[in-house]
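Worksheet: one structure, shown below.
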Amino acid sequence: MTSKPLPRHFTVLVRAIPVSDGVSVSDAVDRFFREYHSSTYLSHTVVHQTGKLRRLLNDAENICIKLTNLKYVHRSSQDAPRKFLGLFGRNDVLGKYQKRLEDVEENVRLEQSDATRRQEIPAAFVSFRSRYGAANAIYIRQSDNPTEWQTEHAPDPHDVYWPFFSTSFMERWIAKFVVFVASVLLILVFLLVVVFVQGLTYLEQVERWLPFLRKILEIAVVSQLVTGYLPSVILHILSSYVPSIMKLFSTMQGFVSVSGIERSACNKMLRFTIWTVFFANVLTGSVLDQVEVFLNPKEIPSKLAVVVPAQASFFIAYVVTSWTSITSELTQTAALFCHLWGKCAKCCRSDESKAPSMPYHSEIPRILLFGLLGLTYFIVAPLILPFVLVYFCLGYFIFRNQLFNVYAPKYDTGGKFWPIVHNTTIFSLVVLHIIAIGVFGLKKLPLASSLLLPLPVLTLLFNEFCRNRFVPIFEAYSTESLIKKDREEQSKPEMLEFFSNLVTAYRDPALKPIQRASNSDERTAPLLASV
């Protein structure tokens, strides 16, 4: 209610637009919404196929970066004598790149005119004169055929992910199935890694696998390092590559916003982390043995009460190892190495003026994993709590600094990551209750176990209450708030300018004219600018 008007409040994304012969997608959209939404329809922007155009723009951007670096090197060494260059000196190199840039720019202009004429995709951003009109278009089915005229919330213009614009209902369904199978295969492959890591925690297993290291492993310090610290380090290193894979999987599913891709990757990463890092290490065995535990629900509490405490030392080492990873977030070690590599390869340096964004899809599952470890172990192995507390204290101060001073937000989801956090916390509490019931059962305390039985039921009831009370707020605005906000703003003069800008807000940046900036000699200024 206090926010300024945003383009996504007045715009919907329409997919699967049916087009007859001789009628363009733009004409079909305009005709449909003028007929059925005549009082609220404002304008529309059709999505175009711009894959080839984006490749040309990337080539132009790379040439611009090389040209900028060459000019910078030329200015810094203009007083020094030239060596070995002769007729092919830096001026010739600059002229060569300048000519290549002009040729690419001309190809971009030709491709832009061609894309706007004929390469339409059956998808469009449709804007309305009111928030209520946009909400009606989203939540009321537009066609008798549910696979046509599909509407959904439009992201903010800067949040749109243009390269992978899925257009077909069947293509999106197939992509989701393929990604699901690939995610399951990734988990199964990673279970083999977990089996190897767990084998390192037993000295006898390591000696059996690597008999030539038996004499070295007899040294107390080496054996403690190999069985205590090395497994968690290996698991951390291999797990660090998974978030990028999950993000790639989400991209393949056809999400049209960066926030949608990262939310989907966050869900995938969370399931992967809980199963492979927690349950796989706790249950330690073959995949069939792990599944068999859950096929016999009566044995779950007693089984978890036995296996969870047995892995306490491994997870303590895992948490301590995570201190290193979270402190490397403060030092930005990976970014530092990339910067140093760019210093060595001057012609391959990228644009360093763009601030990075927070990798929510990797950090949220990691934080929730440590919440799960703290809740599940504070009864059976409370020694882990100080280590988890240190991790959260470090994380609070480090991420607070990063969010304020380092990362620049790319999008605003309106708190849509919070339901993921809530659901995982409820899951962690239920696991805690089940382990506590199993522990008291093993201690031959039936009364204590019986008194704990209502706890998971009450927790799930509380979750159901939260789901019915708060989840709808994250999914849609109410009619009351939409109409009230529309009435407050309908007489404001600035709304005329807002609607004028809204008409072109969702135009693909690849289709906007480009020109070289007049201050292209400055290293901090982009050589390509949109007008």
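As shown in the structure tokens, the chain order sets the letters A, B, ...; within each chain, residues go from 1, and ligands are also counted from 1 in the order they appear.
With only C-alpha atoms taken into account, the protein and nucleic acid residues at most 12 Å from Ile367 of chain A (excluding it and anything under 6 positions from it in its own chain) are Cys266, Met269, Leu270, Thr273, Ile274, Val319, Ser322, Ile326, Tyr360, His361, Leu373, Gly374, Val388, Leu389, Tyr391, Phe392, Cys393, Leu394, Gly395, Tyr396, Phe399, Ile420, Val421, Thr424 and Thr425 of chain A.
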*Excluding Ala28 of chain A and residues on its chain fewer than 6 positions from it, collect all residues at most 8 Å away from it, counting only C-alpha atoms, and give them as an NGL selection string.*
:A and (17-19)
*asked:* Env of Lys176 of chain A: 12 Å cut, atoms = only C-alpha atoms, seq-sep filter 5 positions within chain, self excluded. Answer as a VMD selection string.
replied: chain A and resid 166 169 to 171 181 to 183 249 to 255 264
Take the selection from the previous step and output its residues with N, CA and C atoms, as a short mmCIF file (atom, residue, chain, number, x, y, z; two decimals), in the first residue's frame.
data_model
loop_
_atom_site.label_atom_id
_atom_site.label_comp_id
_atom_site.auth_asym_id
_atom_site.auth_seq_id
_atom_site.Cartn_x
_atom_site.Cartn_y
_atom_site.Cartn_z
N SER A 166 10.34 -19.65 -22.93
CA SER A 166 9.57 -20.84 -23.35
C SER A 166 8.23 -20.40 -23.90
N PHE A 169 3.21 -24.82 -24.23
CA PHE A 169 2.77 -25.53 -23.04
C PHE A 169 3.43 -26.91 -22.97
N MET A 170 3.49 -27.62 -24.09
CA MET A 170 4.09 -28.96 -24.11
C MET A 170 5.59 -28.90 -23.87
N GLU A 171 6.27 -27.90 -24.44
CA GLU A 171 7.71 -27.76 -24.23
C GLU A 171 8.02 -27.53 -22.75
N VAL A 181 14.03 -35.62 -13.82
CA VAL A 181 14.84 -36.83 -13.97
C VAL A 181 16.32 -36.51 -13.76
N ALA A 182 16.77 -35.38 -14.33
CA ALA A 182 18.18 -35.00 -14.17
C ALA A 182 18.51 -34.71 -12.71
N SER A 183 17.59 -34.09 -11.98
CA SER A 183 17.83 -33.79 -10.56
C SER A 183 17.94 -35.08 -9.76
N PHE A 249 19.45 -26.07 -14.33
CA PHE A 249 18.23 -26.86 -14.47
C PHE A 249 16.99 -25.96 -14.45
N SER A 250 16.95 -25.01 -13.54
CA SER A 250 15.80 -24.10 -13.45
C SER A 250 15.68 -23.23 -14.68
N THR A 251 16.83 -22.84 -15.23
CA THR A 251 16.81 -22.05 -16.46
C THR A 251 16.21 -22.84 -17.62
N MET A 252 16.52 -24.14 -17.66
CA MET A 252 16.00 -24.99 -18.74
C MET A 252 14.49 -25.17 -18.66
N GLN A 253 13.90 -24.93 -17.49
CA GLN A 253 12.47 -25.12 -17.34
C GLN A 253 11.65 -24.00 -17.95
N GLY A 254 12.29 -22.93 -18.37
CA GLY A 254 11.58 -21.88 -19.08
C GLY A 254 11.05 -20.77 -18.20
N PHE A 255 11.60 -20.56 -17.02
CA PHE A 255 11.19 -19.42 -16.21
C PHE A 255 11.61 -18.13 -16.92
N SER A 264 13.24 -21.34 -7.91
CA SER A 264 13.19 -22.75 -8.29
C SER A 264 14.50 -23.45 -7.95
#
_Rounded to one decimal, what separation in Å do you get between atom CA of Lys298 of chain A and atom CA of Lys268 of chain A?_
28.4 Å
*asked:* Quick one: residues within 10 Å of Ser428 of chain A, only C-alpha atoms, excluding same-chain residues fewer than 3 positions away - as a ChimeraX atom specification?
replied: /A:368-369,371-376,422-425,431-434
Please, could you write that set of residues out with C-alpha atoms as a tab-separated table (two decimals), in the first residue's frame?
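Just written: part-v7.tsv:
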chain	number	residue	atom	x	y	z
A	368	LEU	CA	18.48	-23.78	6.61
A	369	LEU	CA	20.70	-26.89	6.75
A	371	GLY	CA	19.13	-24.73	11.37
A	372	LEU	CA	18.17	-28.37	10.79
A	373	LEU	CA	21.45	-29.58	12.34
A	374	GLY	CA	21.00	-27.36	15.38
A	375	LEU	CA	17.43	-28.48	16.02
A	376	THR	CA	18.01	-32.19	15.46
A	422	HIS	CA	9.00	-21.42	7.03
A	423	ASN	CA	8.30	-24.83	5.53
A	424	THR	CA	11.85	-26.01	6.13
A	425	THR	CA	11.72	-24.84	9.75
A	431	VAL	CA	12.31	-34.30	12.59
A	432	LEU	CA	13.33	-33.07	16.05
A	433	HIS	CA	10.12	-34.44	17.58
A	434	ILE	CA	10.54	-37.81	15.87
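Comparing A:Tyr139, A:Phe272, A:Phe196, A:Trp149 by their smallest distance to Val184 of chain A, the closest is A:Phe272 (using only C-alpha atoms).
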